[in-house]
Amino acid sequence: MDIYKNLNDMIEFIEDNLKDNVDYKKLAKIVGVNEYTIGRIFPVLFGITLGEYVRKRRLTLAGRDLAQYNLKVMDVAISYGWSNATAFSRAFFSFHGIKPSEVKGNAGKLKFYPKIKLEVPKISQEITYEIIEMNELKLYGLGVKTDDAHIKKDAPNFFKEMVNKYNTLRHPDYGMVVYEQRFYSDNYEYWVLWNEKIEGFKEWVIPKSKWLKFHIPSSEAKDIQDMSDLFYYQFITTCNYNLREIPELEYYHDGVTEFLVAIN
């Protein structure tokens, strides 16, 4: 399965249905994965959540329609999925910087969000992995909120902060990335976790699951981030695996890291 081709087919389907209900189950079916997987990989590949992409394309075309045709604002709002004129006007102003009623004579101020097209990377790299089963894990630690734009700095900084603050404890066992609802949110939480119960730390119960395991001969943040990029840009886009709605884990031991992603 080539998700790159299927993702472009999905974008065309979205484009053809911007005036209709965009069914995420249908989108996932076009790509050949489950809804959680498409919600997870879309913002990594395109730099925007799927829900936000649909919203920006609708507002782009709504601005075009108001500028080119003699249409009522409410009619345009309804045609692109808004049932409330106030909500449409608020979203329109937030995106374009002008009110829908001000478009005539100000079309030059409208913003344009283009249709996405995904190009297959020309450079590929061999990736070694295995599928393992792990029993339920109980982990204990603290976390920090972050997002797409900041996680590559926030995660290693928070990890160092935790190691320095709790230097009487042994080295953390796990790092963990928690994803919010990926259709609409680019927010994450990054957690530093230990196997043993620690007073004042939150308990996480990670259910029994199958996992994709990628061996990283390092515990350096850059090496872990490079593997994560390889996973999302090359591995998951060309392999037929459905991801489970379980946080992503980094298991640190003996100077190496195991990058772990739960699958169905």
# chains A, B, ... in the order shown; residues from 1 in each chain; ligands from 1
$ select_by_dssp --residues "range 40-161 of chain A" --states "strand (DSSP E or B)" --output "ChimeraX atom specification"
/A:129-134,137-147
$ closest_atom_pairs --of "range 34-79 of chain A" --to "range 89-94 of chain A" --cutoff "12 Å" --atoms "only C-alpha atoms" --output "tab-separated table"
residue	atom	partner	partner_atom	distance
A:Glu52	CA	A:Ala91	CA	11.5
A:Arg55	CA	A:Ala91	CA	9.0
A:Lys56	CA	A:Phe92	CA	9.4
A:Arg57	CA	A:Phe92	CA	11.5
A:Arg58	CA	A:Phe92	CA	9.8
A:Leu59	CA	A:Phe92	CA	6.3
A:Thr60	CA	A:Phe92	CA	9.0
A:Leu61	CA	A:Phe92	CA	10.9
A:Ala62	CA	A:Phe92	CA	8.5
A:Gly63	CA	A:Phe92	CA	8.1
A:Arg64	CA	A:Phe92	CA	11.8
A:Leu66	CA	A:Phe92	CA	11.3
A:Val73	CA	A:Ser89	CA	8.7
A:Met74	CA	A:Ser89	CA	9.4
A:Val76	CA	A:Ser89	CA	10.8
A:Ala77	CA	A:Ser89	CA	8.5
A:Ile78	CA	A:Ser89	CA	11.8
$ write_last_selection --atoms "all heavy atoms" --output "short mmCIF file (atom, residue, chain, number, x, y, z; two decimals), in the first residue's frame"
data_model
loop_
_atom_site.label_atom_id
_atom_site.label_comp_id
_atom_site.auth_asym_id
_atom_site.auth_seq_id
_atom_site.Cartn_x
_atom_site.Cartn_y
_atom_site.Cartn_z
N GLU A 52 -8.43 21.42 10.51
CA GLU A 52 -8.05 22.80 10.21
C GLU A 52 -7.83 23.00 8.71
O GLU A 52 -8.16 24.05 8.15
CB GLU A 52 -6.78 23.17 10.98
CG GLU A 52 -6.31 24.60 10.81
CD GLU A 52 -7.23 25.64 11.41
OE1 GLU A 52 -8.27 25.28 12.00
OE2 GLU A 52 -6.92 26.84 11.25
N ARG A 55 -11.22 23.37 7.18
CA ARG A 55 -11.77 24.69 7.53
C ARG A 55 -11.14 25.79 6.69
O ARG A 55 -11.85 26.67 6.16
CB ARG A 55 -11.53 24.96 9.02
CG ARG A 55 -12.22 26.22 9.55
CD ARG A 55 -11.82 26.49 10.99
NE ARG A 55 -10.48 27.03 11.05
CZ ARG A 55 -10.19 28.32 10.94
NH1 ARG A 55 -11.16 29.21 10.76
NH2 ARG A 55 -8.95 28.75 11.02
N LYS A 56 -9.82 25.76 6.50
CA LYS A 56 -9.15 26.81 5.74
C LYS A 56 -9.48 26.75 4.26
O LYS A 56 -9.60 27.80 3.59
CB LYS A 56 -7.63 26.72 5.95
CG LYS A 56 -7.19 27.21 7.32
CD LYS A 56 -5.67 27.30 7.42
CE LYS A 56 -5.27 27.93 8.74
NZ LYS A 56 -3.80 28.11 8.86
N ARG A 57 -9.65 25.54 3.73
CA ARG A 57 -10.04 25.44 2.32
C ARG A 57 -11.46 25.98 2.12
O ARG A 57 -11.75 26.66 1.13
CB ARG A 57 -9.95 23.98 1.85
CG ARG A 57 -8.55 23.51 1.58
CD ARG A 57 -7.86 24.30 0.49
NE ARG A 57 -8.52 24.10 -0.80
CZ ARG A 57 -8.50 25.00 -1.79
NH1 ARG A 57 -7.88 26.16 -1.63
NH2 ARG A 57 -9.11 24.74 -2.93
N ARG A 58 -12.35 25.68 3.06
CA ARG A 58 -13.72 26.18 2.94
C ARG A 58 -13.75 27.71 3.02
O ARG A 58 -14.46 28.37 2.25
CB ARG A 58 -14.59 25.58 4.05
CG ARG A 58 -15.02 24.14 3.76
CD ARG A 58 -15.74 23.52 4.93
NE ARG A 58 -16.40 22.27 4.54
CZ ARG A 58 -16.80 21.35 5.40
NH1 ARG A 58 -16.62 21.53 6.71
NH2 ARG A 58 -17.39 20.25 4.97
N LEU A 59 -12.99 28.29 3.93
CA LEU A 59 -12.97 29.74 4.06
C LEU A 59 -12.31 30.40 2.85
O LEU A 59 -12.70 31.50 2.43
CB LEU A 59 -12.24 30.14 5.35
CG LEU A 59 -13.01 29.83 6.64
CD1 LEU A 59 -12.10 29.99 7.85
CD2 LEU A 59 -14.24 30.74 6.77
N THR A 60 -11.31 29.73 2.28
CA THR A 60 -10.69 30.24 1.05
C THR A 60 -11.71 30.34 -0.07
O THR A 60 -11.83 31.37 -0.74
CB THR A 60 -9.52 29.32 0.63
OG1 THR A 60 -8.48 29.40 1.59
CG2 THR A 60 -8.97 29.74 -0.74
N LEU A 61 -12.47 29.26 -0.26
CA LEU A 61 -13.44 29.24 -1.34
C LEU A 61 -14.66 30.12 -1.05
O LEU A 61 -15.25 30.70 -1.97
CB LEU A 61 -13.88 27.80 -1.62
CG LEU A 61 -12.76 26.86 -2.08
CD1 LEU A 61 -13.33 25.49 -2.44
CD2 LEU A 61 -11.99 27.43 -3.26
N ALA A 62 -15.00 30.25 0.23
CA ALA A 62 -16.09 31.15 0.60
C ALA A 62 -15.73 32.59 0.25
O ALA A 62 -16.56 33.36 -0.27
CB ALA A 62 -16.40 31.03 2.09
N GLY A 63 -14.48 32.97 0.49
CA GLY A 63 -14.01 34.31 0.12
C GLY A 63 -14.06 34.52 -1.38
O GLY A 63 -14.48 35.59 -1.87
N ARG A 64 -13.63 33.52 -2.12
CA ARG A 64 -13.68 33.60 -3.59
C ARG A 64 -15.11 33.78 -4.08
O ARG A 64 -15.38 34.62 -4.95
CB ARG A 64 -13.09 32.32 -4.18
CG ARG A 64 -13.12 32.24 -5.70
CD ARG A 64 -13.13 30.81 -6.19
NE ARG A 64 -14.34 30.08 -5.75
CZ ARG A 64 -14.56 28.80 -5.99
NH1 ARG A 64 -13.63 28.08 -6.60
NH2 ARG A 64 -15.68 28.21 -5.59
N LEU A 66 -17.73 35.00 -2.52
CA LEU A 66 -18.28 36.31 -2.17
C LEU A 66 -17.69 37.41 -3.06
O LEU A 66 -18.36 38.40 -3.37
CB LEU A 66 -18.00 36.63 -0.69
CG LEU A 66 -18.84 35.85 0.32
CD1 LEU A 66 -18.30 36.05 1.73
CD2 LEU A 66 -20.31 36.28 0.25
N VAL A 73 -24.34 36.57 2.11
CA VAL A 73 -23.37 36.01 3.05
C VAL A 73 -23.92 34.73 3.67
O VAL A 73 -23.20 33.72 3.78
CB VAL A 73 -23.01 37.03 4.15
CG1 VAL A 73 -22.20 36.36 5.26
CG2 VAL A 73 -22.24 38.19 3.55
N MET A 74 -25.18 34.72 4.07
CA MET A 74 -25.74 33.55 4.73
C MET A 74 -25.80 32.36 3.79
O MET A 74 -25.57 31.22 4.21
CB MET A 74 -27.14 33.86 5.28
CG MET A 74 -27.66 32.80 6.25
SD MET A 74 -26.58 32.63 7.69
CE MET A 74 -26.76 30.89 8.05
N VAL A 76 -23.71 31.70 1.35
CA VAL A 76 -22.34 31.17 1.25
C VAL A 76 -21.97 30.42 2.53
O VAL A 76 -21.37 29.34 2.48
CB VAL A 76 -21.33 32.32 0.99
CG1 VAL A 76 -19.90 31.80 1.04
CG2 VAL A 76 -21.61 32.96 -0.36
N ALA A 77 -22.36 30.98 3.65
CA ALA A 77 -22.07 30.33 4.94
C ALA A 77 -22.67 28.93 4.98
O ALA A 77 -21.99 27.95 5.32
CB ALA A 77 -22.61 31.17 6.08
N ILE A 78 -23.93 28.82 4.60
CA ILE A 78 -24.62 27.53 4.63
C ILE A 78 -23.98 26.55 3.65
O ILE A 78 -23.81 25.37 3.95
CB ILE A 78 -26.12 27.71 4.32
CG1 ILE A 78 -26.81 28.44 5.47
CG2 ILE A 78 -26.80 26.36 4.06
CD1 ILE A 78 -28.23 28.85 5.18
#
$ residues_around --residues "Lys26 in chain A" --least-positions-apart "5" --cutoff "9 Å" --atoms "only C-alpha atoms" --output "list in words"
Met10, Val31 and Glu35 of chain A
$ write_last_selection --atoms "C-alpha atoms" --output "CSV table (one decimal), in the first residue's frame"
chain,number,residue,atom,x,y,z
A,10,MET,CA,-8.1,11.8,-0.2
A,31,VAL,CA,-6.2,6.0,2.6
A,35,GLU,CA,-9.5,7.1,11.6
$ select_by_dssp --residues "range 88-253 of chain A" --states "helix (DSSP H, G or I)" --output "PyMOL selection string"
chain A and resi 88-96+100-102+107-109+151-165+221-235
$ atom_distance --atom1 "CA of Ile30 in chain A" --atom2 "CA of Phe13 in chain A"
8.8 Å
$ atom_distance --atom1 "CA of Val178 in chain A" --atom2 "CA of Tyr190 in chain A"
6.4 Å
$ closest_residue --among "A:Ser209, A:Thr128, A:Asn195, A:Asn135" --to "Leu230 in chain A" --atoms "only C-alpha atoms"
A:Thr128
$ closest_residue --among "A:Leu142, A:Leu50, A:Leu18, A:Ile127" --to "Glu199 in chain A" --atoms "only C-alpha atoms"
A:Leu142
$ closest_residue --among "A:Val54, A:Ile236, A:Val261, A:Val33" --to "Val177 in chain A" --atoms "only C-alpha atoms"
A:Val261
$ residues_around --residues "Met227 in chain A" --least-positions-apart "2" --cutoff "12 Å" --atoms "only C-alpha atoms" --output "NGL selection string"
:A and (125-129 or 213-225 or 229-236 or 250 or 257-261)
$ write_last_selection --atoms "N, CA, C and O atoms" --output "short mmCIF file (atom, residue, chain, number, x, y, z; two decimals), in the first residue's frame"
data_model
loop_
_atom_site.label_atom_id
_atom_site.label_comp_id
_atom_site.auth_asym_id
_atom_site.auth_seq_id
_atom_site.Cartn_x
_atom_site.Cartn_y
_atom_site.Cartn_z
N GLN A 125 15.53 5.53 3.41
CA GLN A 125 16.54 4.94 4.28
C GLN A 125 16.03 3.61 4.81
O GLN A 125 14.85 3.47 5.14
N GLU A 126 16.91 2.64 4.85
CA GLU A 126 16.54 1.34 5.37
C GLU A 126 16.23 1.44 6.86
O GLU A 126 16.98 2.04 7.62
N ILE A 127 15.11 0.84 7.27
CA ILE A 127 14.68 0.89 8.66
C ILE A 127 14.47 -0.53 9.16
O ILE A 127 13.75 -1.31 8.54
N THR A 128 15.11 -0.86 10.26
CA THR A 128 14.95 -2.18 10.86
C THR A 128 13.97 -2.09 12.02
O THR A 128 14.06 -1.18 12.84
N TYR A 129 13.03 -3.03 12.06
CA TYR A 129 12.04 -3.02 13.13
C TYR A 129 11.59 -4.44 13.43
O TYR A 129 11.89 -5.38 12.70
N LYS A 213 8.56 -1.88 17.17
CA LYS A 213 9.74 -1.49 17.95
C LYS A 213 10.90 -1.17 17.01
O LYS A 213 11.28 -1.98 16.17
N PHE A 214 11.45 0.03 17.17
CA PHE A 214 12.58 0.49 16.37
C PHE A 214 13.75 0.75 17.31
O PHE A 214 13.63 1.50 18.27
N HIS A 215 14.87 0.11 17.01
CA HIS A 215 16.05 0.22 17.87
C HIS A 215 16.87 1.45 17.47
O HIS A 215 17.22 1.63 16.31
N ILE A 216 17.18 2.28 18.46
CA ILE A 216 18.02 3.46 18.26
C ILE A 216 19.27 3.29 19.12
O ILE A 216 19.16 3.23 20.35
N PRO A 217 20.47 3.18 18.53
CA PRO A 217 21.68 2.94 19.32
C PRO A 217 22.18 4.19 20.03
O PRO A 217 23.37 4.53 20.01
N SER A 218 21.26 4.90 20.68
CA SER A 218 21.58 6.18 21.31
C SER A 218 20.40 6.59 22.18
O SER A 218 19.29 6.10 22.01
N SER A 219 20.65 7.49 23.11
CA SER A 219 19.55 8.09 23.87
C SER A 219 19.53 9.61 23.69
O SER A 219 18.92 10.33 24.47
N GLU A 220 20.23 10.07 22.65
CA GLU A 220 20.27 11.50 22.35
C GLU A 220 18.96 11.94 21.70
O GLU A 220 18.40 11.23 20.85
N ALA A 221 18.49 13.14 22.07
CA ALA A 221 17.21 13.63 21.58
C ALA A 221 17.17 13.69 20.05
O ALA A 221 16.18 13.30 19.43
N LYS A 222 18.25 14.15 19.43
CA LYS A 222 18.26 14.29 17.96
C LYS A 222 18.09 12.94 17.28
O LYS A 222 17.37 12.81 16.28
N ASP A 223 18.75 11.90 17.80
CA ASP A 223 18.64 10.58 17.20
C ASP A 223 17.23 10.02 17.33
O ASP A 223 16.71 9.37 16.41
N ILE A 224 16.60 10.28 18.47
CA ILE A 224 15.21 9.82 18.67
C ILE A 224 14.27 10.58 17.74
O ILE A 224 13.38 9.99 17.12
N GLN A 225 14.48 11.89 17.60
CA GLN A 225 13.65 12.69 16.72
C GLN A 225 13.83 12.28 15.26
O GLN A 225 12.86 12.27 14.48
N ASP A 229 10.88 11.00 12.74
CA ASP A 229 10.65 11.55 11.40
C ASP A 229 10.65 10.44 10.35
O ASP A 229 9.80 10.42 9.45
N LEU A 230 11.60 9.52 10.45
CA LEU A 230 11.64 8.40 9.51
C LEU A 230 10.37 7.57 9.59
O LEU A 230 9.82 7.14 8.57
N PHE A 231 9.91 7.36 10.82
CA PHE A 231 8.69 6.57 11.01
C PHE A 231 7.51 7.21 10.30
O PHE A 231 6.78 6.55 9.54
N TYR A 232 7.28 8.50 10.53
CA TYR A 232 6.09 9.15 9.99
C TYR A 232 6.20 9.48 8.50
O TYR A 232 5.22 9.40 7.77
N TYR A 233 7.39 9.84 8.05
CA TYR A 233 7.52 10.26 6.66
C TYR A 233 7.77 9.10 5.71
O TYR A 233 7.47 9.20 4.52
N GLN A 234 8.36 8.00 6.19
CA GLN A 234 8.71 6.92 5.28
C GLN A 234 8.09 5.57 5.66
O GLN A 234 7.56 4.88 4.81
N PHE A 235 8.12 5.22 6.93
CA PHE A 235 7.65 3.88 7.32
C PHE A 235 6.13 3.76 7.25
O PHE A 235 5.60 2.96 6.50
N ILE A 236 5.44 4.57 8.05
CA ILE A 236 3.99 4.39 8.17
C ILE A 236 3.27 4.76 6.87
O ILE A 236 2.17 4.29 6.60
N GLU A 250 9.15 5.91 24.39
CA GLU A 250 10.59 5.78 24.19
C GLU A 250 11.13 5.07 25.43
O GLU A 250 11.01 5.59 26.54
N THR A 257 17.84 3.37 22.95
CA THR A 257 16.42 3.72 23.05
C THR A 257 15.61 2.81 22.13
O THR A 257 16.03 2.52 21.01
N GLU A 258 14.48 2.35 22.62
CA GLU A 258 13.52 1.65 21.78
C GLU A 258 12.35 2.57 21.54
O GLU A 258 11.68 3.01 22.48
N PHE A 259 12.12 2.90 20.29
CA PHE A 259 11.00 3.75 19.88
C PHE A 259 9.81 2.83 19.63
O PHE A 259 9.86 1.93 18.77
N LEU A 260 8.71 3.02 20.37
CA LEU A 260 7.61 2.05 20.41
C LEU A 260 6.29 2.72 20.00
O LEU A 260 5.89 3.74 20.58
N VAL A 261 5.62 2.12 19.01
CA VAL A 261 4.34 2.63 18.52
C VAL A 261 3.32 1.49 18.54
O VAL A 261 3.54 0.46 17.92
#
$ closest_residue --among "A:Tyr251, A:Tyr166, A:Tyr241, A:Tyr24" --to "Lys210 in chain A" --atoms "only C-alpha atoms"
A:Tyr241
$ atom_distance --atom1 "CA of Pro156 in chain A" --atom2 "CA of Asn242 in chain A"
27.8 Å
$ closest_residue --among "A:Lys165, A:Arg170, A:Lys202, A:His96" --to "Gly141 in chain A" --atoms "only C-alpha atoms"
A:Lys202
$ residues_around --residues "Phe201 in chain A" --least-positions-apart "2" --cutoff "12 Å" --atoms "only C-alpha atoms" --output "JSON, numbers by chain"
{"A": [138, 139, 140, 141, 142, 143, 162, 166, 191, 192, 193, 194, 195, 196, 197, 198, 199, 203, 204]}
$ write_last_selection --atoms "N, CA, C and O atoms" --output "PDB file, in the first residue's frame"
ATOM      1  N   LYS A 138       2.523  -0.129  34.105  1.00  0.00           N
ATOM      2  CA  LYS A 138       2.152   0.949  35.020  1.00  0.00           C
ATOM      3  C   LYS A 138       3.380   1.829  35.188  1.00  0.00           C
ATOM      4  O   LYS A 138       4.427   1.369  35.652  1.00  0.00           O
ATOM      5  N   LEU A 139       3.230   3.085  34.782  1.00  0.00           N
ATOM      6  CA  LEU A 139       4.351   4.016  34.792  1.00  0.00           C
ATOM      7  C   LEU A 139       3.972   5.257  35.593  1.00  0.00           C
ATOM      8  O   LEU A 139       2.790   5.605  35.693  1.00  0.00           O
ATOM      9  N   TYR A 140       5.004   5.948  36.115  1.00  0.00           N
ATOM     10  CA  TYR A 140       4.763   7.071  37.017  1.00  0.00           C
ATOM     11  C   TYR A 140       5.688   8.228  36.646  1.00  0.00           C
ATOM     12  O   TYR A 140       6.887   8.038  36.464  1.00  0.00           O
ATOM     13  N   GLY A 141       5.107   9.438  36.533  1.00  0.00           N
ATOM     14  CA  GLY A 141       5.955  10.562  36.171  1.00  0.00           C
ATOM     15  C   GLY A 141       5.203  11.863  36.072  1.00  0.00           C
ATOM     16  O   GLY A 141       4.080  12.012  36.560  1.00  0.00           O
ATOM     17  N   LEU A 142       5.826  12.821  35.403  1.00  0.00           N
ATOM     18  CA  LEU A 142       5.273  14.149  35.209  1.00  0.00           C
ATOM     19  C   LEU A 142       5.385  14.522  33.732  1.00  0.00           C
ATOM     20  O   LEU A 142       6.236  13.996  33.012  1.00  0.00           O
ATOM     21  N   GLY A 143       4.519  15.460  33.299  1.00  0.00           N
ATOM     22  CA  GLY A 143       4.502  15.820  31.891  1.00  0.00           C
ATOM     23  C   GLY A 143       4.412  17.316  31.677  1.00  0.00           C
ATOM     24  O   GLY A 143       4.205  18.096  32.599  1.00  0.00           O
ATOM     25  N   MET A 162      13.743  17.254  34.442  1.00  0.00           N
ATOM     26  CA  MET A 162      13.319  16.187  35.336  1.00  0.00           C
ATOM     27  C   MET A 162      14.513  15.415  35.893  1.00  0.00           C
ATOM     28  O   MET A 162      14.557  15.082  37.082  1.00  0.00           O
ATOM     29  N   TYR A 166      15.187  15.496  39.884  1.00  0.00           N
ATOM     30  CA  TYR A 166      15.019  14.244  40.622  1.00  0.00           C
ATOM     31  C   TYR A 166      16.275  13.387  40.486  1.00  0.00           C
ATOM     32  O   TYR A 166      16.224  12.205  40.177  1.00  0.00           O
ATOM     33  N   TRP A 191       5.809  13.243  28.493  1.00  0.00           N
ATOM     34  CA  TRP A 191       5.957  12.774  29.858  1.00  0.00           C
ATOM     35  C   TRP A 191       7.290  12.061  30.045  1.00  0.00           C
ATOM     36  O   TRP A 191       7.775  11.384  29.139  1.00  0.00           O
ATOM     37  N   VAL A 192       7.845  12.243  31.238  1.00  0.00           N
ATOM     38  CA  VAL A 192       9.034  11.495  31.667  1.00  0.00           C
ATOM     39  C   VAL A 192       8.581  10.542  32.768  1.00  0.00           C
ATOM     40  O   VAL A 192       7.957  10.969  33.752  1.00  0.00           O
ATOM     41  N   LEU A 193       8.887   9.240  32.607  1.00  0.00           N
ATOM     42  CA  LEU A 193       8.253   8.221  33.437  1.00  0.00           C
ATOM     43  C   LEU A 193       9.246   7.208  34.002  1.00  0.00           C
ATOM     44  O   LEU A 193      10.263   6.896  33.376  1.00  0.00           O
ATOM     45  N   TRP A 194       8.889   6.681  35.183  1.00  0.00           N
ATOM     46  CA  TRP A 194       9.651   5.625  35.837  1.00  0.00           C
ATOM     47  C   TRP A 194       8.753   4.393  36.016  1.00  0.00           C
ATOM     48  O   TRP A 194       7.528   4.518  36.088  1.00  0.00           O
ATOM     49  N   ASN A 195       9.387   3.243  36.143  1.00  0.00           N
ATOM     50  CA  ASN A 195       8.639   1.999  36.351  1.00  0.00           C
ATOM     51  C   ASN A 195       8.034   1.898  37.747  1.00  0.00           C
ATOM     52  O   ASN A 195       6.976   1.307  37.928  1.00  0.00           O
ATOM     53  N   GLU A 196       8.747   2.444  38.748  1.00  0.00           N
ATOM     54  CA  GLU A 196       8.274   2.275  40.114  1.00  0.00           C
ATOM     55  C   GLU A 196       7.410   3.449  40.554  1.00  0.00           C
ATOM     56  O   GLU A 196       7.561   4.572  40.054  1.00  0.00           O
ATOM     57  N   LYS A 197       6.505   3.189  41.492  1.00  0.00           N
ATOM     58  CA  LYS A 197       5.611   4.220  42.005  1.00  0.00           C
ATOM     59  C   LYS A 197       6.395   5.260  42.767  1.00  0.00           C
ATOM     60  O   LYS A 197       7.232   4.930  43.619  1.00  0.00           O
ATOM     61  N   ILE A 198       6.136   6.547  42.469  1.00  0.00           N
ATOM     62  CA  ILE A 198       6.835   7.652  43.119  1.00  0.00           C
ATOM     63  C   ILE A 198       5.789   8.629  43.645  1.00  0.00           C
ATOM     64  O   ILE A 198       4.882   9.037  42.907  1.00  0.00           O
ATOM     65  N   GLU A 199       5.901   8.984  44.909  1.00  0.00           N
ATOM     66  CA  GLU A 199       4.932   9.860  45.561  1.00  0.00           C
ATOM     67  C   GLU A 199       4.824  11.190  44.814  1.00  0.00           C
ATOM     68  O   GLU A 199       5.824  11.841  44.506  1.00  0.00           O
ATOM     69  N   GLU A 203       0.070   8.327  37.830  1.00  0.00           N
ATOM     70  CA  GLU A 203       0.162   6.953  37.342  1.00  0.00           C
ATOM     71  C   GLU A 203      -0.459   6.870  35.950  1.00  0.00           C
ATOM     72  O   GLU A 203      -1.550   7.369  35.711  1.00  0.00           O
ATOM     73  N   TRP A 204       0.249   6.231  35.035  1.00  0.00           N
ATOM     74  CA  TRP A 204      -0.262   5.929  33.706  1.00  0.00           C
ATOM     75  C   TRP A 204      -0.360   4.419  33.549  1.00  0.00           C
ATOM     76  O   TRP A 204       0.587   3.699  33.879  1.00  0.00           O
TER      77      TRP A 204
END
$ closest_residue --among "A:Lys5, A:His150, A:Lys160, A:Lys72" --to "Val103 in chain A" --atoms "only C-alpha atoms"
A:Lys72
$ residues_around --residues "Pro43 in chain A" --least-positions-apart "2" --cutoff "9 Å" --atoms "only C-alpha atoms" --output "short mmCIF file (atom, residue, chain, number, x, y, z; two decimals) with all heavy atoms, in the first residue's frame"
data_model
loop_
_atom_site.label_atom_id
_atom_site.label_comp_id
_atom_site.auth_asym_id
_atom_site.auth_seq_id
_atom_site.Cartn_x
_atom_site.Cartn_y
_atom_site.Cartn_z
N ILE A 38 -5.03 8.14 10.34
CA ILE A 38 -5.03 9.27 9.43
C ILE A 38 -4.97 10.58 10.20
O ILE A 38 -4.29 11.54 9.81
CB ILE A 38 -6.24 9.24 8.46
CG1 ILE A 38 -6.10 10.32 7.39
CG2 ILE A 38 -7.55 9.41 9.17
CD1 ILE A 38 -4.88 10.18 6.54
N GLY A 39 -5.68 10.63 11.34
CA GLY A 39 -5.62 11.83 12.17
C GLY A 39 -4.24 12.07 12.74
O GLY A 39 -3.84 13.21 12.98
N ARG A 40 -3.48 11.02 12.95
CA ARG A 40 -2.15 11.11 13.54
C ARG A 40 -1.08 11.49 12.50
O ARG A 40 -0.21 12.29 12.78
CB ARG A 40 -1.82 9.77 14.18
CG ARG A 40 -0.54 9.77 14.93
CD ARG A 40 -0.60 9.53 16.38
NE ARG A 40 0.64 8.83 16.72
CZ ARG A 40 0.73 7.71 17.35
NH1 ARG A 40 -0.36 7.12 17.78
NH2 ARG A 40 1.88 7.14 17.58
N ILE A 41 -1.16 10.91 11.30
CA ILE A 41 -0.09 11.15 10.34
C ILE A 41 -0.31 12.43 9.52
O ILE A 41 0.67 13.03 9.06
CB ILE A 41 0.10 9.96 9.37
CG1 ILE A 41 -1.12 9.74 8.48
CG2 ILE A 41 0.44 8.71 10.15
CD1 ILE A 41 -0.94 8.63 7.47
N LEU A 45 2.73 15.09 8.24
CA LEU A 45 3.09 15.21 6.83
C LEU A 45 2.80 16.59 6.25
O LEU A 45 3.54 17.09 5.41
CB LEU A 45 2.35 14.15 6.01
CG LEU A 45 2.68 12.69 6.32
CD1 LEU A 45 1.77 11.77 5.51
CD2 LEU A 45 4.13 12.38 6.01
N PHE A 46 1.72 17.21 6.71
CA PHE A 46 1.27 18.45 6.08
C PHE A 46 1.42 19.69 6.96
O PHE A 46 1.21 20.81 6.49
CB PHE A 46 -0.20 18.32 5.66
CG PHE A 46 -0.43 17.28 4.59
CD1 PHE A 46 -1.15 16.13 4.88
CD2 PHE A 46 0.08 17.44 3.32
CE1 PHE A 46 -1.38 15.17 3.90
CE2 PHE A 46 -0.14 16.49 2.34
CZ PHE A 46 -0.86 15.35 2.62
N GLY A 47 1.76 19.52 8.23
CA GLY A 47 1.95 20.67 9.10
C GLY A 47 0.66 21.34 9.52
O GLY A 47 0.66 22.49 9.97
N ILE A 48 -0.47 20.65 9.38
CA ILE A 48 -1.77 21.20 9.75
C ILE A 48 -2.69 20.02 10.04
O ILE A 48 -2.57 18.96 9.42
CB ILE A 48 -2.33 22.07 8.59
CG1 ILE A 48 -3.64 22.76 9.00
CG2 ILE A 48 -2.52 21.25 7.31
CD1 ILE A 48 -4.13 23.77 7.97
N THR A 49 -3.58 20.17 11.01
CA THR A 49 -4.51 19.09 11.29
C THR A 49 -5.52 18.96 10.15
O THR A 49 -5.76 19.92 9.40
CB THR A 49 -5.27 19.31 12.60
OG1 THR A 49 -6.10 20.48 12.47
CG2 THR A 49 -4.31 19.49 13.77
N LEU A 50 -6.10 17.79 10.03
CA LEU A 50 -7.06 17.55 8.96
C LEU A 50 -8.27 18.48 9.07
O LEU A 50 -8.74 19.06 8.09
CB LEU A 50 -7.49 16.08 8.98
CG LEU A 50 -8.41 15.58 7.88
CD1 LEU A 50 -7.89 15.96 6.51
CD2 LEU A 50 -8.57 14.07 7.99
N ASP A 148 3.09 20.90 17.90
CA ASP A 148 3.93 20.52 16.75
C ASP A 148 5.15 21.41 16.62
O ASP A 148 6.24 20.94 16.31
CB ASP A 148 3.11 20.60 15.45
CG ASP A 148 2.28 19.36 15.21
OD1 ASP A 148 2.66 18.28 15.71
OD2 ASP A 148 1.25 19.45 14.52
N ARG A 182 -6.51 14.25 17.02
CA ARG A 182 -5.62 14.68 15.95
C ARG A 182 -6.32 15.26 14.73
O ARG A 182 -5.65 15.81 13.85
CB ARG A 182 -4.73 13.51 15.52
CG ARG A 182 -3.88 12.94 16.63
CD ARG A 182 -3.11 14.00 17.39
NE ARG A 182 -2.06 14.61 16.60
CZ ARG A 182 -1.48 15.77 16.89
NH1 ARG A 182 -1.87 16.46 17.93
NH2 ARG A 182 -0.52 16.25 16.13
N PHE A 183 -7.64 15.16 14.64
CA PHE A 183 -8.32 15.79 13.51
C PHE A 183 -8.32 17.31 13.67
O PHE A 183 -8.33 18.04 12.69
CB PHE A 183 -9.75 15.29 13.37
CG PHE A 183 -9.85 13.91 12.78
CD1 PHE A 183 -10.41 12.87 13.48
CD2 PHE A 183 -9.34 13.65 11.51
CE1 PHE A 183 -10.49 11.60 12.94
CE2 PHE A 183 -9.41 12.38 10.95
CZ PHE A 183 -9.99 11.36 11.67
N SER A 185 -6.53 19.07 16.60
CA SER A 185 -5.55 19.63 17.53
C SER A 185 -4.13 19.23 17.16
O SER A 185 -3.87 18.08 16.78
CB SER A 185 -5.85 19.15 18.95
OG SER A 185 -4.81 19.51 19.83
N ASP A 186 -3.20 20.19 17.24
CA ASP A 186 -1.78 19.86 17.06
C ASP A 186 -1.05 19.88 18.40
O ASP A 186 0.16 20.01 18.46
CB ASP A 186 -1.11 20.83 16.08
CG ASP A 186 -1.05 22.26 16.60
OD1 ASP A 186 -1.63 22.54 17.66
OD2 ASP A 186 -0.41 23.11 15.93
#
